[in-house]
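Data from work_39.cif: mmCIF, C-alpha atoms and all ligand atoms
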data_final
loop_
_atom_site.label_atom_id
_atom_site.label_comp_id
_atom_site.auth_asym_id
_atom_site.auth_seq_id
_atom_site.Cartn_x
_atom_site.Cartn_y
_atom_site.Cartn_z
CA MET A 1 87.80 88.14 95.30
CA ARG A 2 89.82 86.51 98.05
CA ASP A 3 90.79 82.88 97.51
CA MET A 4 89.76 81.07 100.68
CA HIS A 5 90.88 77.66 99.41
CA THR A 6 93.21 75.81 101.66
CA THR A 7 93.80 72.87 99.34
CA ARG A 8 97.46 72.07 98.96
CA LEU A 9 99.30 72.19 95.67
CA ILE A 10 100.50 68.86 94.32
CA ASP A 11 104.01 68.00 95.51
CA ASP A 12 105.69 68.60 92.13
CA THR A 13 104.10 72.03 91.80
CA ARG A 14 105.05 72.99 95.34
CA SER A 15 108.67 71.84 94.87
CA ALA A 16 109.01 73.71 91.58
CA ILE A 17 107.50 76.89 93.03
CA LEU A 18 109.73 76.83 96.11
CA GLU A 19 112.72 76.00 93.88
CA SER A 20 112.00 79.19 91.93
CA TYR A 21 112.86 81.20 95.08
CA ARG A 22 116.47 80.00 95.03
CA PRO A 23 118.86 82.91 94.52
CA ALA A 24 120.54 83.74 91.22
CA LEU A 25 124.31 83.74 91.76
CA ILE A 26 125.66 86.71 89.80
CA PRO A 27 129.36 87.62 89.58
CA LEU A 28 129.61 91.43 89.78
CA SER A 29 133.40 91.41 89.55
CA THR A 30 136.16 88.81 89.41
CA ASN A 31 135.95 88.30 93.19
CA LEU A 32 132.43 89.37 94.21
CA THR A 33 129.35 87.20 93.65
CA VAL A 34 125.92 88.28 94.82
CA ALA A 35 123.19 85.81 95.79
CA ALA A 36 120.11 87.68 94.54
CA PHE A 37 116.99 86.16 96.12
CA PRO A 38 113.48 86.79 94.79
CA LEU A 39 112.51 86.55 98.50
CA MET A 40 115.05 85.14 100.95
CA LYS A 41 112.48 84.57 103.70
CA VAL A 42 110.89 81.71 101.75
CA TYR A 43 113.82 79.62 103.01
CA PRO A 44 113.09 79.95 106.76
CA ALA A 45 109.32 79.99 106.17
CA ASP A 46 109.50 76.68 104.30
CA TYR A 47 111.96 75.05 106.67
CA CYS A 48 110.18 76.15 109.86
CA VAL A 49 106.87 74.81 108.49
CA ARG A 50 108.47 71.52 107.38
CA ARG A 51 110.07 71.16 110.80
CA ALA A 52 106.71 71.79 112.50
CA ILE A 53 105.05 69.15 110.29
CA VAL A 54 107.76 66.62 111.23
CA ASP A 55 107.13 67.56 114.87
CA GLY A 56 103.44 66.68 114.47
CA MET A 57 101.72 69.82 113.17
CA ARG A 58 98.47 68.86 111.46
CA SER A 59 97.00 70.21 108.24
CA GLU A 60 94.20 72.01 110.09
CA THR A 61 96.62 73.85 112.41
CA LEU A 62 96.57 77.64 112.19
CA VAL A 63 100.03 79.05 111.40
CA ILE A 64 100.48 82.40 113.13
CA GLU A 65 103.24 85.02 113.16
CA SER A 66 103.73 88.68 114.05
CA SER A 67 105.39 90.35 111.05
CA SER A 68 105.18 93.40 108.83
CA GLY A 69 108.00 92.25 106.62
CA THR A 70 109.15 89.67 104.18
CA LEU A 71 108.68 86.71 106.52
CA ALA A 72 104.92 87.35 106.30
CA LEU A 73 105.08 86.99 102.52
CA GLY A 74 107.34 83.93 102.77
CA LEU A 75 104.84 82.29 105.11
CA ALA A 76 101.91 83.25 102.85
CA ILE A 77 103.62 81.57 99.89
CA VAL A 78 104.52 78.44 101.85
CA SER A 79 101.08 78.20 103.52
CA LYS A 80 99.37 78.51 100.13
CA CYS A 81 101.58 75.74 98.72
CA ARG A 82 100.79 73.46 101.66
CA GLY A 83 97.12 74.33 102.10
CA LEU A 84 97.65 75.73 105.60
CA ARG A 85 95.66 78.48 107.31
CA LEU A 86 97.76 81.53 108.13
CA THR A 87 97.18 84.58 110.33
CA ILE A 88 99.64 87.47 110.22
CA VAL A 89 99.44 90.02 113.04
CA THR A 90 100.88 93.31 111.89
CA ASP A 91 100.60 97.12 112.21
CA HIS A 92 100.67 100.30 110.10
CA ALA A 93 104.10 99.29 108.73
CA CYS A 94 102.28 96.75 106.55
CA ASP A 95 101.44 98.94 103.56
CA ASP A 96 98.21 98.42 101.62
CA PRO A 97 99.63 96.76 98.47
CA PHE A 98 101.59 94.34 100.68
CA ARG A 99 98.51 93.55 102.80
CA ARG A 100 96.47 92.95 99.64
CA ARG A 101 99.12 90.57 98.35
CA LEU A 102 99.09 88.61 101.61
CA GLU A 103 95.30 88.43 101.53
CA ASP A 104 95.28 87.38 97.89
CA LEU A 105 97.41 84.43 98.96
CA GLY A 106 94.72 83.52 101.49
CA ALA A 107 96.37 84.90 104.64
CA HIS A 108 94.21 86.50 107.31
CA VAL A 109 95.85 89.83 108.18
CA GLU A 110 95.14 91.45 111.57
CA ILE A 111 96.27 95.04 111.85
CA VAL A 112 96.88 96.31 115.35
CA SER A 113 95.87 99.97 115.36
CA ARG A 114 97.18 101.20 118.72
CA PRO A 115 100.54 100.74 120.43
CA ALA A 116 100.64 99.13 123.86
CA VAL A 117 101.21 101.52 126.75
CA SER A 118 104.58 99.91 127.31
CA GLY A 119 106.40 98.17 124.44
CA GLY A 120 104.75 100.05 121.57
CA PHE A 121 103.45 98.29 118.47
CA GLN A 122 105.72 95.27 118.94
CA ARG A 123 104.07 94.58 122.30
CA ALA A 124 100.59 95.28 120.94
CA ARG A 125 101.15 92.83 118.06
CA LEU A 126 102.29 90.12 120.41
CA ASP A 127 99.45 90.74 122.84
CA ARG A 128 97.02 90.20 119.95
CA LEU A 129 98.94 87.14 118.73
CA HIS A 130 98.75 85.51 122.15
CA GLU A 131 95.07 86.41 122.44
CA ILE A 132 94.42 84.56 119.17
CA ARG A 133 96.53 81.62 120.36
CA ARG A 134 94.48 81.38 123.54
CA LYS A 135 91.21 81.25 121.56
CA GLU A 136 92.50 79.01 118.76
CA THR A 137 93.61 75.90 120.58
CA ASN A 138 95.22 74.46 117.46
CA ALA A 139 97.66 77.23 116.50
CA TRP A 140 101.40 77.15 115.89
CA TRP A 141 103.53 80.27 116.38
CA VAL A 142 106.46 80.41 113.96
CA ASN A 143 108.52 82.78 116.19
CA GLN A 144 111.39 83.39 113.75
CA TYR A 145 113.56 85.16 116.32
CA ASP A 146 113.87 82.20 118.64
CA ASN A 147 112.94 79.23 116.44
CA PRO A 148 116.18 77.25 115.82
CA ALA A 149 114.79 76.05 112.48
CA ASN A 150 115.32 79.59 111.07
CA PRO A 151 119.15 79.43 110.80
CA VAL A 152 119.09 75.71 109.91
CA ALA A 153 117.03 76.61 106.83
CA TYR A 154 120.15 78.13 105.26
CA SER A 155 122.06 74.83 105.06
CA ALA A 156 120.57 74.49 101.56
CA LEU A 157 121.93 77.90 100.59
CA ALA A 158 125.39 77.01 101.92
CA ALA A 159 125.34 73.84 99.81
CA GLN A 160 124.31 75.82 96.71
CA LEU A 161 127.11 78.37 97.29
CA LEU A 162 129.72 75.65 97.81
CA ASP A 163 128.60 73.76 94.69
CA SER A 164 128.64 76.86 92.49
CA ILE A 165 131.47 78.98 93.89
CA GLY A 166 133.60 76.62 95.99
CA LYS A 167 136.25 78.89 97.45
CA ILE A 168 134.52 81.56 99.55
CA ASP A 169 136.71 83.78 101.71
CA CYS A 170 134.09 86.18 102.98
CA LEU A 171 130.30 86.21 103.42
CA VAL A 172 128.54 89.57 103.72
CA GLY A 173 124.88 90.07 104.68
CA THR A 174 122.46 92.15 106.70
CA VAL A 175 121.24 91.03 110.13
CA GLY A 176 117.67 91.19 111.42
CA SER A 177 116.78 87.91 113.14
CA GLY A 178 120.32 86.64 112.54
CA GLY A 179 118.99 83.52 110.80
CA SER A 180 120.45 84.04 107.33
CA MET A 181 123.97 85.14 108.26
CA CYS A 182 124.41 82.85 111.29
CA GLY A 183 122.93 79.83 109.49
CA THR A 184 124.78 80.29 106.18
CA ALA A 185 128.15 81.12 107.80
CA THR A 186 127.91 78.22 110.25
CA TYR A 187 127.29 75.69 107.47
CA LEU A 188 129.92 77.17 105.13
CA ARG A 189 132.50 77.02 107.92
CA MET A 190 132.08 73.26 108.23
CA LEU A 191 134.22 73.19 105.07
CA LEU A 192 135.72 76.70 105.19
CA PRO A 193 136.54 77.35 108.87
CA SER A 194 138.56 80.52 108.23
CA MET A 195 135.88 82.16 106.07
CA LYS A 196 135.12 85.69 107.29
CA ALA A 197 131.55 86.69 108.16
CA ILE A 198 130.64 90.37 107.93
CA GLY A 199 127.33 91.48 109.41
CA VAL A 200 125.62 94.68 108.28
CA ASP A 201 123.43 96.53 110.78
CA THR A 202 122.10 100.08 111.05
CA PHE A 203 122.32 102.91 113.59
CA GLY A 204 119.79 102.72 116.42
CA SER A 205 119.65 98.90 116.34
CA VAL A 206 120.57 97.02 119.52
CA LEU A 207 121.82 93.90 117.70
CA PHE A 208 125.51 94.75 118.08
CA GLY A 209 125.43 97.13 121.01
CA GLN A 210 123.99 100.42 119.69
CA PRO A 211 121.37 102.14 121.87
CA ASP A 212 117.83 101.56 120.60
CA ALA A 213 116.42 104.41 118.49
CA GLN A 214 113.90 105.01 115.71
CA ARG A 215 115.12 103.56 112.41
CA LYS A 216 114.11 104.29 108.84
CA LEU A 217 115.45 101.02 107.45
CA ARG A 218 113.38 97.86 107.75
CA GLY A 219 114.49 94.25 107.57
CA LEU A 220 117.93 94.77 109.07
CA GLY A 221 118.45 95.93 112.63
CA ASN A 222 116.27 95.27 115.65
CA SER A 223 115.09 96.63 118.98
CA ILE A 224 115.56 93.27 120.65
CA LEU A 225 118.29 90.61 120.72
CA PRO A 226 116.93 87.46 119.07
CA ALA A 227 118.05 84.08 120.37
CA ASN A 228 118.93 83.22 116.76
CA LEU A 229 121.68 85.84 116.67
CA ASP A 230 124.98 84.15 117.52
CA HIS A 231 127.44 87.02 117.88
CA THR A 232 130.46 84.71 117.81
CA VAL A 233 129.87 84.07 114.09
CA PHE A 234 130.97 87.60 113.07
CA ASP A 235 134.46 88.87 112.25
CA GLU A 236 133.35 92.41 111.39
CA ILE A 237 130.24 94.50 111.94
CA HIS A 238 129.30 97.49 109.79
CA TRP A 239 126.62 100.07 110.60
CA VAL A 240 125.07 101.79 107.60
CA SER A 241 122.70 104.79 107.67
CA ALA A 242 119.33 104.79 105.90
CA ALA A 243 120.58 107.38 103.39
CA GLU A 244 123.64 105.26 102.59
CA ALA A 245 121.51 102.13 102.17
CA PHE A 246 118.93 103.85 99.93
CA THR A 247 121.58 105.55 97.82
CA ALA A 248 123.57 102.31 97.48
CA THR A 249 120.37 100.50 96.43
CA ARG A 250 119.91 102.96 93.58
CA ARG A 251 123.59 102.82 92.62
CA LEU A 252 123.37 99.03 92.47
CA HIS A 253 120.38 99.35 90.17
CA GLN A 254 121.95 102.05 88.00
CA GLU A 255 125.28 100.24 87.66
CA THR A 256 124.15 96.60 87.32
CA THR A 257 120.36 96.67 86.55
CA LEU A 258 119.73 94.66 89.76
CA PHE A 259 116.39 95.97 91.11
CA ARG A 260 116.75 95.25 94.80
CA GLY A 261 115.50 96.37 98.23
CA PRO A 262 117.46 98.63 100.63
CA THR A 263 118.97 95.78 102.68
CA SER A 264 120.55 94.54 99.43
CA GLY A 265 122.00 98.01 98.84
CA ALA A 266 123.45 98.09 102.37
CA ALA A 267 125.05 94.65 102.00
CA TRP A 268 126.41 95.45 98.51
CA LEU A 269 128.02 98.70 99.73
CA VAL A 270 130.03 96.75 102.31
CA ALA A 271 130.79 93.73 100.10
CA ARG A 272 132.00 95.90 97.19
CA PHE A 273 134.40 97.70 99.53
CA TRP A 274 135.73 94.43 100.99
CA ALA A 275 136.16 92.81 97.56
CA ALA A 276 138.04 95.83 96.18
CA LYS A 277 140.36 95.80 99.22
CA ASN A 278 141.01 92.04 98.90
CA PRO A 279 141.36 91.42 95.14
CA ASP A 280 142.79 87.91 95.57
CA LEU A 281 139.96 86.71 97.82
CA ASN A 282 136.37 85.75 96.95
CA ALA A 283 133.39 87.47 98.57
CA VAL A 284 129.73 86.43 98.48
CA CYS A 285 127.00 88.91 99.35
CA LEU A 286 123.37 88.09 100.25
CA LEU A 287 120.73 90.30 98.57
CA PRO A 288 117.47 89.42 100.44
CA ASP A 289 114.62 90.82 98.32
CA ASP A 290 113.74 92.65 95.13
CA GLY A 291 112.67 96.27 94.71
CA THR A 292 108.91 95.80 94.23
CA ARG A 293 107.96 96.86 97.76
CA TYR A 294 110.20 99.95 97.61
CA ARG A 295 108.97 101.59 94.40
CA ASP A 296 107.48 104.50 96.37
CA THR A 297 110.48 104.88 98.68
CA ALA A 298 113.97 103.84 97.53
CA TYR A 299 112.99 104.22 93.85
CA ASP A 300 111.15 107.55 94.19
CA ASP A 301 113.50 110.55 93.93
CA ARG A 302 110.92 112.89 95.45
CA TYR A 303 110.55 110.66 98.52
CA LEU A 304 114.32 110.39 98.91
CA SER A 305 114.93 114.13 98.80
CA LYS A 306 111.92 114.94 100.99
CA GLU A 307 113.16 112.49 103.65
CA GLY A 308 116.82 113.50 103.25
CA LEU A 309 117.73 109.99 102.16
CA TRP A 310 119.71 110.73 99.01
CA LEU A 311 123.48 111.25 99.03
CA ASP A 312 125.25 112.70 96.01
CA ARG A 313 128.27 110.66 96.94
CA LEU A 314 128.60 107.42 98.94
CA PRO A 315 131.53 107.21 101.38
CA ALA A 316 134.46 105.31 99.84
CA GLU A 317 135.17 103.48 103.07
CA PRO A 318 133.78 103.04 106.59
CA ARG A 319 134.92 104.86 109.69
CA GLN A 320 136.71 102.44 112.02
CA VAL A 321 135.41 102.28 115.63
CA ASN A 322 136.43 100.21 118.66
CA ASN A 323 133.12 100.39 120.47
CA PRO A 324 129.60 100.12 118.99
CA VAL A 325 128.44 103.28 120.76
CA ASP A 326 131.03 105.28 118.78
CA ALA A 327 129.40 104.28 115.48
CA SER A 328 127.13 107.10 114.40
CA GLY A 329 126.08 109.16 111.41
CA VAL A 330 128.25 107.69 108.69
CA TRP A 331 129.03 104.14 107.63
CA SER A 332 131.13 102.69 110.48
CA CYS A 333 132.91 99.41 111.05
CA MET A 334 134.20 97.45 114.03
CA ASN A 335 136.48 94.41 114.25
CA TRP A 336 134.13 92.13 116.13
CA GLN A 337 136.57 89.17 116.07
CA ARG A 338 133.99 86.46 116.70
CA ARG A 339 133.45 87.72 120.25
CA THR A 340 130.37 87.30 122.38
CA TYR A 341 128.04 90.27 122.80
CA GLU A 342 129.34 90.79 126.33
CA SER A 343 133.00 90.66 125.38
CA ALA A 344 132.67 92.94 122.33
CA THR A 345 130.41 95.56 123.89
CA GLY A 346 131.34 95.37 127.59
CA LYS A 347 127.59 95.17 128.28
CA SER A 348 125.55 92.30 129.63
CA ARG A 349 123.29 90.52 127.19
CA THR A 350 120.92 89.90 130.07
CA SER A 351 120.02 93.60 130.11
CA ASN A 352 118.17 92.66 126.95
CA HIS A 353 117.19 89.22 128.19
CA GLU A 354 113.65 90.12 129.11
CA GLN A 355 113.19 91.25 125.54
CA THR A 356 114.48 88.03 124.01
CA SER A 357 111.93 85.88 125.81
CA PRO A 358 109.37 84.37 123.42
CA GLU A 359 106.75 86.73 124.79
CA LEU A 360 108.57 89.72 123.37
CA SER A 361 110.10 88.36 120.17
CA VAL A 362 108.63 90.07 117.18
CA ALA A 363 109.27 89.38 113.54
CA SER A 364 110.03 92.41 111.44
C1 LIG B 401 114.38 92.48 103.43
C2 LIG B 401 115.18 91.84 104.53
N1 LIG B 401 116.51 91.84 104.46
C3 LIG B 401 117.26 91.28 105.43
C4 LIG B 401 116.70 90.68 106.52
C5 LIG B 401 117.60 90.08 107.60
O1 LIG B 401 117.57 88.68 107.57
P1 LIG B 401 117.63 87.80 108.89
O2 LIG B 401 116.33 87.92 109.58
O3 LIG B 401 117.89 86.41 108.37
O4 LIG B 401 118.76 88.29 109.73
C6 LIG B 401 115.32 90.67 106.63
C7 LIG B 401 114.67 90.08 107.81
O5 LIG B 401 113.45 90.12 107.98
C8 LIG B 401 114.54 91.26 105.60
O6 LIG B 401 113.19 91.28 105.68
#
What does the file become when written as structure tokens?
Ligand SMILES: Cc1ncc(COP(=O)(O)O)c(C=O)c1O
Amino acid sequence: MRDMHTTRLIDDTRSAILESYRPALIPLSTNLTVAAFPLMKVYPADYCVRRAIVDGMRSETLVIESSSGTLALGLAIVSKCRGLRLTIVTDHACDDPFRRRLEDLGAHVEIVSRPAVSGGFQRARLDRLHEIRRKETNAWWVNQYDNPANPVAYSALAAQLLDSIGKIDCLVGTVGSGGSMCGTATYLRMLLPSMKAIGVDTFGSVLFGQPDAQRKLRGLGNSILPANLDHTVFDEIHWVSAAEAFTATRRLHQETTLFRGPTSGAAWLVARFWAAKNPDLNAVCLLPDDGTRYRDTAYDDRYLSKEGLWLDRLPAEPRQVNNPVDASGVWSCMNWQRRTYESATGKSRTSNHEQTSPELSVAS
């Protein structure tokens, strides 16, 4: 059943298909517009591949990435369009329907079954990725966490937002690799230098100084500090719990019909609050993917109550903290003030440095 063809689509077809992944810009109130992507990660997948082709990648090169998330699907779509071979190294977090979709698009999916003794599944995935790279002399590792083409991909989004909305006072979005928020904000600020950037993270993610811990939310947050995360882009950071993100996702659906994933719910919760507090200013909020992958989680009431992820009432506002380690339990917010990681947290980024080396960077 699997389509093993690696013939590329004709240029017009490829352009039209990739164009169809541009976000719909939907005003949810007089001063809040959401950018609702079918799949945001098509942007960095396409741009990183185009960049690699310009840098000399050949059509027979094997594209390889470690991912259990939406970047894997973005790469599968782009590789299919361009007739490229793709291997995704992943683990149990890649659910069966998602794996089948990747394989239907011609990707080879390697599932790592055991965690490494040190470094868990992330380490085990990378060990396997590097093993494949050693055997396959002609392979190119996308490496979304450190590849500078990831944030640059969002220049096209910034142009679309400027063309359609013009005056943007605040950009709100979740942070995983940092590519979407850092890239979009950096390009928007070429014309709008005072525009605020609000990053949305979750508890137990090290991105903005929380101690690493198990997390129930995927896509946002991280256990490592990616090179693509430029902390000086952000004016404010919000930490949102899994229950708040899941509940907000359902509220967004119930109130607007927008069928989105949990990172969209988390971003919308924060953006709606900011827009209501600043009625004369315009906010734009990035909604990274749709709800298809979350039908059995965010959209299943039984799952939500079993896991304790449903809240009868969302908090009306965040709790203000001055230090990331004080953010816990309920939606919290810190004035980051475009500071470096070191200056905002009082901790050295180098304590995480070992983890940001290419060897340890893992796509979610
Ligand atoms: C569903 C989803 N939302 C948000 C993000 C965060 O985007 P970025 O990696 O650009 O920071 C990701 C990253 O993988 C994601 O998969």
Excluding A:Ser20 and its own-chain neighbours fewer than 2 positions away, which residues fall within 12 Å of it when counting only C-alpha atoms? Please give them as a PDB file with C-alpha atoms, in the coordinates of the input.
ATOM      1  CA  THR A  13     104.100  72.030  91.800  1.00  0.00           C
ATOM      2  CA  ARG A  14     105.050  72.990  95.340  1.00  0.00           C
ATOM      3  CA  SER A  15     108.670  71.840  94.870  1.00  0.00           C
ATOM      4  CA  ALA A  16     109.010  73.710  91.580  1.00  0.00           C
ATOM      5  CA  ILE A  17     107.500  76.890  93.030  1.00  0.00           C
ATOM      6  CA  LEU A  18     109.730  76.830  96.110  1.00  0.00           C
ATOM      7  CA  ARG A  22     116.470  80.000  95.030  1.00  0.00           C
ATOM      8  CA  PRO A  23     118.860  82.910  94.520  1.00  0.00           C
ATOM      9  CA  ALA A  24     120.540  83.740  91.220  1.00  0.00           C
ATOM     10  CA  PHE A  37     116.990  86.160  96.120  1.00  0.00           C
ATOM     11  CA  PRO A  38     113.480  86.790  94.790  1.00  0.00           C
ATOM     12  CA  LEU A  39     112.510  86.550  98.500  1.00  0.00           C
ATOM     13  CA  MET A  40     115.050  85.140 100.950  1.00  0.00           C
ATOM     14  CA  VAL A  42     110.890  81.710 101.750  1.00  0.00           C
ATOM     15  CA  TYR A  43     113.820  79.620 103.010  1.00  0.00           C
ATOM     16  CA  ILE A  77     103.620  81.570  99.890  1.00  0.00           C
TER      17      ILE A  77
END
Which distance in Å separates atom CA of A:Leu129 and atom CA of A:Phe98, to one decimal?
->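 That distance, rounded to one decimal, is 19.6 Å.
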Write out as a list in words each polymer residue whose atoms come within 7 Å of stretch 185-202 of chain A, counting only C-alpha atoms; drop sequence neighbours fewer than 6 positions from it.
->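 Near stretch 185-202 of chain A, the qualifying residues are Ser155, Ala158, Ile168, Asp169, Cys170, Leu171, Val172, Gly173, Thr174, Val175, Leu220, Gly221, Val233, Phe234, Asp235, Glu236, Ile237, His238, Trp239, Val240, Ser241 and Ala267 of chain A.
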Using all atoms listed in the file, what does the table of chain A residues within 6 Å of ligand LIG 401 (chain B) look like, with each row giving the shortest atom pair and its distance in Å to one decimal, sorted by chain and ascending number, as JSON lines?
{"residue": "A:Gly69", "atom": "CA", "partner": "B:LIG401", "partner_atom": "O6", "distance": 5.4}
{"residue": "A:Thr70", "atom": "CA", "partner": "B:LIG401", "partner_atom": "O6", "distance": 4.6}
{"residue": "A:Thr174", "atom": "CA", "partner": "B:LIG401", "partner_atom": "C5", "distance": 5.4}
{"residue": "A:Val175", "atom": "CA", "partner": "B:LIG401", "partner_atom": "O4", "distance": 3.7}
{"residue": "A:Gly176", "atom": "CA", "partner": "B:LIG401", "partner_atom": "O4", "distance": 3.5}
{"residue": "A:Ser177", "atom": "CA", "partner": "B:LIG401", "partner_atom": "O2", "distance": 3.6}
{"residue": "A:Gly178", "atom": "CA", "partner": "B:LIG401", "partner_atom": "O4", "distance": 3.6}
{"residue": "A:Gly179", "atom": "CA", "partner": "B:LIG401", "partner_atom": "O3", "distance": 3.9}
{"residue": "A:Ser180", "atom": "CA", "partner": "B:LIG401", "partner_atom": "O3", "distance": 3.6}
{"residue": "A:Gly219", "atom": "CA", "partner": "B:LIG401", "partner_atom": "C8", "distance": 3.6}
{"residue": "A:Leu220", "atom": "CA", "partner": "B:LIG401", "partner_atom": "C5", "distance": 4.9}
{"residue": "A:Thr263", "atom": "CA", "partner": "B:LIG401", "partner_atom": "N1", "distance": 5.0}
{"residue": "A:Pro288", "atom": "CA", "partner": "B:LIG401", "partner_atom": "N1", "distance": 4.8}
{"residue": "A:Asp289", "atom": "CA", "partner": "B:LIG401", "partner_atom": "C1", "distance": 5.4}
{"residue": "A:Ser364", "atom": "CA", "partner": "B:LIG401", "partner_atom": "O5", "distance": 5.4}
Please report, as JSON lines, each residue of stretch 86-198 of chain A lying at most 12 Å from stretch 50-65 of chain A, together with the nearest pair of atoms and the separation in Å rounded to one decimal; use only C-alpha atoms, and order rows by chain and ascending residue number.
{"residue": "A:Leu86", "atom": "CA", "partner": "A:Val63", "partner_atom": "CA", "distance": 4.7}
{"residue": "A:Thr87", "atom": "CA", "partner": "A:Ile64", "partner_atom": "CA", "distance": 4.8}
{"residue": "A:Ile88", "atom": "CA", "partner": "A:Glu65", "partner_atom": "CA", "distance": 5.3}
{"residue": "A:Val89", "atom": "CA", "partner": "A:Glu65", "partner_atom": "CA", "distance": 6.3}
{"residue": "A:Thr90", "atom": "CA", "partner": "A:Glu65", "partner_atom": "CA", "distance": 8.7}
{"residue": "A:Ala107", "atom": "CA", "partner": "A:Val63", "partner_atom": "CA", "distance": 9.7}
{"residue": "A:His108", "atom": "CA", "partner": "A:Ile64", "partner_atom": "CA", "distance": 9.5}
{"residue": "A:Val109", "atom": "CA", "partner": "A:Ile64", "partner_atom": "CA", "distance": 10.1}
{"residue": "A:Glu110", "atom": "CA", "partner": "A:Glu65", "partner_atom": "CA", "distance": 10.5}
{"residue": "A:Arg125", "atom": "CA", "partner": "A:Glu65", "partner_atom": "CA", "distance": 9.5}
{"residue": "A:Leu126", "atom": "CA", "partner": "A:Glu65", "partner_atom": "CA", "distance": 8.9}
{"residue": "A:Asp127", "atom": "CA", "partner": "A:Glu65", "partner_atom": "CA", "distance": 11.9}
{"residue": "A:Arg128", "atom": "CA", "partner": "A:Glu65", "partner_atom": "CA", "distance": 10.6}
{"residue": "A:Leu129", "atom": "CA", "partner": "A:Glu65", "partner_atom": "CA", "distance": 7.3}
{"residue": "A:His130", "atom": "CA", "partner": "A:Ile64", "partner_atom": "CA", "distance": 9.7}
{"residue": "A:Glu131", "atom": "CA", "partner": "A:Ile64", "partner_atom": "CA", "distance": 11.5}
{"residue": "A:Ile132", "atom": "CA", "partner": "A:Ile64", "partner_atom": "CA", "distance": 8.8}
{"residue": "A:Arg133", "atom": "CA", "partner": "A:Ile64", "partner_atom": "CA", "distance": 8.3}
{"residue": "A:Lys135", "atom": "CA", "partner": "A:Leu62", "partner_atom": "CA", "distance": 11.4}
{"residue": "A:Glu136", "atom": "CA", "partner": "A:Leu62", "partner_atom": "CA", "distance": 7.8}
{"residue": "A:Thr137", "atom": "CA", "partner": "A:Thr61", "partner_atom": "CA", "distance": 8.9}
{"residue": "A:Asn138", "atom": "CA", "partner": "A:Thr61", "partner_atom": "CA", "distance": 5.3}
{"residue": "A:Ala139", "atom": "CA", "partner": "A:Leu62", "partner_atom": "CA", "distance": 4.5}
{"residue": "A:Trp140", "atom": "CA", "partner": "A:Val63", "partner_atom": "CA", "distance": 5.1}
{"residue": "A:Trp141", "atom": "CA", "partner": "A:Ile64", "partner_atom": "CA", "distance": 4.9}
{"residue": "A:Val142", "atom": "CA", "partner": "A:Glu65", "partner_atom": "CA", "distance": 5.7}
{"residue": "A:Asn143", "atom": "CA", "partner": "A:Glu65", "partner_atom": "CA", "distance": 6.5}
{"residue": "A:Gln144", "atom": "CA", "partner": "A:Glu65", "partner_atom": "CA", "distance": 8.3}
{"residue": "A:Tyr145", "atom": "CA", "partner": "A:Glu65", "partner_atom": "CA", "distance": 10.8}
{"residue": "A:Asn147", "atom": "CA", "partner": "A:Arg51", "partner_atom": "CA", "distance": 10.3}
{"residue": "A:Pro148", "atom": "CA", "partner": "A:Arg51", "partner_atom": "CA", "distance": 10.0}
{"residue": "A:Ala149", "atom": "CA", "partner": "A:Arg51", "partner_atom": "CA", "distance": 7.0}
{"residue": "A:Asn150", "atom": "CA", "partner": "A:Arg51", "partner_atom": "CA", "distance": 9.9}
{"residue": "A:Val152", "atom": "CA", "partner": "A:Arg51", "partner_atom": "CA", "distance": 10.1}
{"residue": "A:Ala153", "atom": "CA", "partner": "A:Arg51", "partner_atom": "CA", "distance": 9.7}
